[in-house]
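*Asks:* Input structure: run-v6.cif, which contains mmCIF, C-alpha atoms.
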```cif
data_model
loop_
_atom_site.label_atom_id
_atom_site.label_comp_id
_atom_site.auth_asym_id
_atom_site.auth_seq_id
_atom_site.Cartn_x
_atom_site.Cartn_y
_atom_site.Cartn_z
CA MET A 132 -147.90 -67.55 -119.53
CA ALA A 133 -145.17 -67.67 -122.16
CA VAL A 134 -146.07 -68.64 -125.66
CA LYS A 135 -144.07 -71.60 -126.89
CA ALA A 136 -143.98 -72.25 -130.59
CA LYS A 137 -144.37 -75.83 -131.73
CA LYS A 138 -140.95 -75.72 -133.36
CA LEU A 139 -138.43 -73.22 -132.01
CA GLN A 140 -135.54 -72.03 -134.06
CA PRO A 141 -132.20 -73.45 -132.90
CA ALA A 142 -130.86 -69.98 -132.03
CA LYS A 143 -133.86 -69.26 -129.83
CA THR A 144 -133.64 -72.66 -128.17
CA ALA A 145 -129.97 -72.02 -127.45
CA ALA A 146 -130.78 -68.58 -125.99
CA ILE A 147 -133.41 -70.10 -123.69
CA GLU A 148 -131.02 -72.83 -122.57
CA GLU A 149 -128.33 -70.23 -121.91
CA ALA A 150 -130.81 -68.19 -119.84
CA LYS A 151 -131.77 -71.29 -117.82
CA LYS A 152 -128.11 -72.11 -117.26
CA THR A 153 -127.44 -68.57 -116.02
CA PHE A 154 -130.54 -68.43 -113.80
CA ALA A 155 -129.80 -71.87 -112.31
CA GLU A 156 -126.60 -70.50 -110.75
CA TYR A 157 -128.59 -68.10 -108.55
CA ASN A 158 -131.23 -68.40 -105.85
CA ASP A 159 -132.98 -65.03 -105.89
CA PHE A 160 -134.00 -62.64 -108.66
CA ILE A 161 -134.94 -58.96 -108.61
CA PHE A 162 -136.68 -57.59 -111.69
CA ALA A 163 -136.38 -53.96 -112.74
CA ASP A 164 -137.28 -51.71 -115.64
CA TYR A 165 -134.19 -50.02 -117.05
CA ARG A 166 -135.80 -47.94 -119.79
CA GLY A 167 -133.84 -44.71 -120.18
CA MET A 168 -130.66 -45.82 -118.40
CA THR A 169 -127.36 -45.08 -120.11
CA VAL A 170 -124.74 -47.72 -120.80
CA GLU A 171 -122.54 -46.02 -118.20
CA GLN A 172 -125.28 -46.28 -115.55
CA ILE A 173 -125.87 -49.96 -116.31
CA THR A 174 -122.11 -50.59 -116.11
CA ASN A 175 -121.93 -48.81 -112.73
CA LEU A 176 -124.89 -50.82 -111.43
CA ARG A 177 -123.24 -54.06 -112.56
CA LYS A 178 -120.06 -53.04 -110.74
CA LYS A 179 -121.94 -52.31 -107.51
CA LEU A 180 -123.78 -55.64 -107.74
CA ARG A 181 -120.55 -57.57 -108.40
CA GLU A 182 -119.25 -56.15 -105.10
CA GLN A 183 -122.20 -57.92 -103.45
CA ASN A 184 -121.50 -61.20 -105.29
CA ALA A 185 -124.49 -60.63 -107.57
CA SER A 186 -125.05 -60.20 -111.30
CA LEU A 187 -127.19 -58.08 -113.58
CA LYS A 188 -128.55 -59.45 -116.83
CA VAL A 189 -130.59 -57.75 -119.51
CA VAL A 190 -133.13 -60.33 -120.61
CA LYS A 191 -135.39 -60.91 -123.54
CA ASN A 192 -138.74 -61.28 -121.77
CA ASN A 193 -140.16 -64.21 -123.72
CA PHE A 194 -136.95 -66.24 -123.35
CA ALA A 195 -136.79 -65.44 -119.63
CA ARG A 196 -140.45 -66.43 -119.14
CA ILE A 197 -139.86 -69.78 -120.79
CA ALA A 198 -136.64 -70.33 -118.82
CA PHE A 199 -138.35 -69.53 -115.50
CA GLU A 200 -141.31 -71.77 -116.33
CA ASP A 201 -138.96 -74.62 -117.21
CA MET A 202 -137.22 -74.06 -113.86
CA LYS A 203 -140.62 -74.29 -112.10
CA ILE A 204 -140.45 -70.66 -110.99
CA ASP A 205 -144.00 -69.46 -111.43
CA HIS A 206 -145.75 -66.11 -111.17
CA VAL A 207 -142.84 -63.95 -112.34
CA ALA A 208 -144.22 -63.39 -115.84
CA ASP A 209 -145.90 -60.15 -114.64
CA TYR A 210 -142.44 -58.70 -113.99
CA LEU A 211 -141.18 -59.66 -117.45
CA LYS A 212 -142.87 -56.90 -119.40
CA GLY A 213 -141.10 -53.98 -121.02
CA PRO A 214 -137.32 -53.51 -120.90
CA THR A 215 -136.21 -55.76 -118.06
CA VAL A 216 -133.00 -56.39 -116.19
CA VAL A 217 -132.67 -59.14 -113.64
CA ALA A 218 -130.40 -58.75 -110.63
CA MET A 219 -129.42 -62.24 -109.54
CA ALA A 220 -128.15 -63.09 -106.07
CA LYS A 221 -126.75 -66.25 -104.55
CA GLU A 222 -127.04 -64.94 -100.99
CA ASP A 223 -127.76 -61.69 -99.15
CA SER A 224 -130.43 -60.78 -101.66
CA ASN A 225 -131.70 -58.03 -99.35
CA THR A 226 -128.34 -56.31 -99.73
CA VAL A 227 -128.72 -56.63 -103.51
CA ALA A 228 -132.21 -55.14 -103.26
CA LYS A 229 -130.78 -52.31 -101.14
CA VAL A 230 -128.18 -51.61 -103.86
CA MET A 231 -130.93 -51.56 -106.51
CA PHE A 232 -133.10 -49.10 -104.57
CA GLU A 233 -130.12 -46.89 -103.65
CA PHE A 234 -129.01 -46.82 -107.26
CA ALA A 235 -132.55 -45.93 -108.37
CA LYS A 236 -132.32 -42.75 -106.25
CA ASP A 237 -129.47 -41.50 -108.45
CA ALA A 238 -130.84 -43.04 -111.66
CA PRO A 239 -134.63 -42.60 -111.54
CA SER A 240 -134.96 -44.44 -114.85
CA LEU A 241 -134.24 -47.66 -112.93
CA SER A 242 -137.47 -48.93 -111.44
CA VAL A 243 -137.61 -52.10 -109.36
CA LYS A 244 -140.69 -54.13 -110.30
CA GLY A 245 -140.54 -57.02 -107.85
CA GLY A 246 -138.62 -60.18 -107.14
CA PHE A 247 -138.45 -63.87 -106.51
CA ILE A 248 -136.84 -64.27 -103.10
CA ASN A 249 -136.57 -67.49 -101.06
CA LYS A 250 -138.96 -69.24 -103.45
CA GLU A 251 -141.59 -66.53 -102.95
CA VAL A 252 -142.75 -63.74 -105.25
CA TYR A 253 -142.31 -60.24 -103.77
CA ASP A 254 -144.15 -57.20 -105.11
CA ILE A 255 -142.59 -53.74 -105.07
CA SER A 256 -143.73 -52.84 -101.53
CA LYS A 257 -142.49 -56.13 -100.11
CA MET A 258 -139.19 -55.64 -101.96
CA GLN A 259 -138.78 -52.19 -100.38
CA GLU A 260 -139.36 -53.60 -96.89
CA PHE A 261 -137.04 -56.52 -97.63
CA SER A 262 -134.27 -54.14 -98.71
CA LYS A 263 -134.39 -52.42 -95.31
CA LEU A 264 -133.50 -55.59 -93.41
CA PRO A 265 -129.87 -56.05 -92.37
CA GLY A 266 -127.83 -58.44 -94.50
CA ARG A 267 -126.33 -61.72 -93.35
CA LYS A 268 -122.94 -60.17 -92.63
CA GLU A 269 -124.54 -57.32 -90.69
CA LEU A 270 -126.56 -59.79 -88.61
CA ILE A 271 -123.45 -61.84 -87.83
CA ALA A 272 -121.65 -58.66 -86.74
CA LEU A 273 -124.59 -57.71 -84.50
CA ILE A 274 -124.66 -61.17 -82.91
CA MET A 275 -120.90 -61.20 -82.41
CA SER A 276 -120.95 -57.79 -80.73
CA ALA A 277 -123.83 -58.93 -78.50
CA VAL A 278 -121.89 -62.05 -77.51
CA ASN A 279 -118.54 -60.30 -77.32
CA GLY A 280 -119.67 -57.54 -74.93
CA PRO A 281 -120.52 -59.74 -71.91
CA ALA A 282 -117.52 -61.97 -72.61
CA ARG A 283 -115.22 -58.94 -72.60
CA LYS A 284 -116.73 -57.75 -69.28
CA LEU A 285 -116.27 -61.21 -67.75
CA ALA A 286 -112.65 -61.34 -68.91
CA ALA A 287 -111.98 -57.87 -67.45
CA THR A 288 -113.59 -58.87 -64.13
CA LEU A 289 -111.55 -62.08 -63.94
CA GLN A 290 -108.37 -60.20 -64.82
CA ALA A 291 -109.06 -57.63 -62.08
CA TYR A 292 -109.66 -60.45 -59.57
CA VAL A 293 -106.39 -62.16 -60.56
CA GLU A 294 -104.48 -58.86 -60.25
CA LYS A 295 -106.04 -58.18 -56.85
CA LYS A 296 -105.15 -61.64 -55.54
CA SER A 297 -101.62 -61.47 -56.92
CA SER A 298 -101.07 -58.06 -55.27
CA GLU A 299 -102.37 -59.41 -51.93
CA ALA A 300 -100.44 -62.70 -52.03
CA PRO A 301 -96.87 -61.37 -51.59
CA ALA A 302 -97.87 -59.10 -48.68
CA GLY A 303 -99.71 -61.90 -46.87
CA ASN A 304 -97.07 -64.60 -47.47
CA THR A 305 -94.04 -62.80 -45.96
CA PRO A 306 -92.04 -64.75 -43.32
CA ALA A 307 -92.57 -61.97 -40.73
CA ALA A 308 -96.33 -62.22 -41.16
CA GLU A 309 -96.19 -65.98 -40.65
CA ALA A 310 -94.04 -65.72 -37.49
CA ALA A 311 -96.12 -63.04 -35.81
CA PRO A 312 -98.88 -64.35 -33.58
CA ALA A 313 -102.39 -63.61 -34.56
CA ALA A 314 -103.94 -60.66 -32.78
CA PRO A 315 -106.71 -61.63 -30.39
CA GLN A 316 -110.12 -60.63 -31.56
CA ALA A 317 -112.50 -58.80 -29.30
#
```
In structure tokens, how does this file's structure come out?
*Replies:*
Amino acid sequence: MAVKAKKLQPAKTAAIEEAKKTFAEYNDFIFADYRGMTVEQITNLRKKLREQNASLKVVKNNFARIAFEDMKIDHVADYLKGPTVVAMAKEDSNTVAKVMFEFAKDAPSLSVKGGFINKEVYDISKMQEFSKLPGRKELIALIMSAVNGPARKLAATLQAYVEKKSSEAPAGNTPAAEAAPAAPQA
């Protein structure tokens, strides 16, 4: 639980309000330890996260704890210890988690601690499993290919039927064919 002083300094109050304002824009949060990362690595991680419509923020733990408590997001204080960055996602947070874990392979000083996803606290093992799930866009592509395959086969079958009928129609509708008597059947 965060320690709140009876009278906070205006600068600290403003920092907490700014943190709450930033956090309020996002739905899901992934907490990581960044001790030992270079400025260049952090910049590269931010760039990769921006590509996924996500953000990365270095936070002061006590301010973040107070901001999350004020936002009624409980049980994340355990992840706000030591040097902490928060990856914030509006959607497709599993893709953001995947980026974090992939980046940690190249920068072992980045260590994912856990997250707050879909109003639920995820520990490190649950975060790893979550990162392996396909993202929203990937799922839509899978569904569309599953729907598109049978539709394409149906369209090809109908087109073949139309072509077959159109190739038979001129031969069967000739005036000589109409004038000739039908052959008796045995």
*Asks:* Taking the file above as input, evaluate the PyMOL selection byres ((chain A and resi 199) around 10) and report the hits as a PDB file with C-alpha atoms, in the coordinates of the input.
*Replies:*
```
ATOM      1  CA  ALA A 133    -145.170 -67.670-122.160  1.00  0.00           C
ATOM      2  CA  ILE A 147    -133.410 -70.100-123.690  1.00  0.00           C
ATOM      3  CA  ALA A 150    -130.810 -68.190-119.840  1.00  0.00           C
ATOM      4  CA  LYS A 151    -131.770 -71.290-117.820  1.00  0.00           C
ATOM      5  CA  PHE A 154    -130.540 -68.430-113.800  1.00  0.00           C
ATOM      6  CA  ALA A 155    -129.800 -71.870-112.310  1.00  0.00           C
ATOM      7  CA  ASN A 193    -140.160 -64.210-123.720  1.00  0.00           C
ATOM      8  CA  PHE A 194    -136.950 -66.240-123.350  1.00  0.00           C
ATOM      9  CA  ALA A 195    -136.790 -65.440-119.630  1.00  0.00           C
ATOM     10  CA  ARG A 196    -140.450 -66.430-119.140  1.00  0.00           C
ATOM     11  CA  ILE A 197    -139.860 -69.780-120.790  1.00  0.00           C
ATOM     12  CA  ALA A 198    -136.640 -70.330-118.820  1.00  0.00           C
ATOM     13  CA  GLU A 200    -141.310 -71.770-116.330  1.00  0.00           C
ATOM     14  CA  ASP A 201    -138.960 -74.620-117.210  1.00  0.00           C
ATOM     15  CA  MET A 202    -137.220 -74.060-113.860  1.00  0.00           C
ATOM     16  CA  LYS A 203    -140.620 -74.290-112.100  1.00  0.00           C
ATOM     17  CA  ILE A 204    -140.450 -70.660-110.990  1.00  0.00           C
ATOM     18  CA  ASP A 205    -144.000 -69.460-111.430  1.00  0.00           C
ATOM     19  CA  HIS A 206    -145.750 -66.110-111.170  1.00  0.00           C
ATOM     20  CA  VAL A 207    -142.840 -63.950-112.340  1.00  0.00           C
ATOM     21  CA  ALA A 208    -144.220 -63.390-115.840  1.00  0.00           C
TER      22      ALA A 208
END
```
*Asks:* Can you spell out as a list in words the set of residues that the PyMOL selection byres ((chain A and resi 258-261) around 10) selects in the structure I just provided?
*Replies:*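 On the file shown, the PyMOL selection byres ((chain A and resi 258-261) around 10) covers Ile161, Ser224, Asn225, Thr226, Ala228, Lys229, Met231, Phe232, Val243, Lys244, Gly245, Gly246, Phe247, Ile248, Val252, Tyr253, Asp254, Ile255, Ser256, Lys257, Ser262, Lys263, Leu264, Pro265 and Gly266 of chain A.
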*Asks:* Closest to Ala185 (chain A) among A:Ala238, A:Ala286, A:Leu211, A:Val227, using only C-alpha atoms?
*Replies:*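 Under the stated criterion, the closest residue is A:Val227.
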*Asks:* Listed atoms of region 176-193 of chain A, axis-aligned box, 4 Å per side: centre and edge lengths to one decimal in Å, as lines of an AutoDock Vina configuration file?
*Replies:*
```
center_x = -129.7
center_y = -57.5
center_z = -113.6
size_x = 28.9
size_y = 21.4
size_z = 28.3
```
*Asks:* Here is a test: counting all atoms listed in the file, which residue of A:Glu182, A:Asp223, A:Glu171, A:Asp209 is nearest to Asn158 (chain A)?
*Replies:*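 Answer, going by the shortest atom-to-atom distance: A:Asp223.
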*Asks:* Just give me the gap between CA of Pro141 (chain A) and CA of Met219 (chain A) in Å, one decimal is fine.
*Replies:*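 Separation between CA of Pro141 (chain A) and CA of Met219 (chain A): 26.1 Å.
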*Asks:* As an exercise, work out the distance from CA of Asn175 (chain A) to CA of Glu156 (chain A) in Å and give it to one decimal place.
*Replies:*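 Separation of CA of Asn175 (chain A) and CA of Glu156 (chain A): 22.3 Å.
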*Asks:* Hey, what's within 8 Å of Asn192 (chain A) if we count all atoms listed in the file and toss same-chain stuff fewer than 5 positions away? As a ChimeraX atom specification, please?
*Replies:* /A:211-215
*Asks:* Work out how far apart CA of Gln140 (chain A) and CA of Lys191 (chain A) are and give it in Å to one decimal.
*Replies:*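 Pair CA of Gln140 (chain A) / CA of Lys191 (chain A) returns 15.3 Å.
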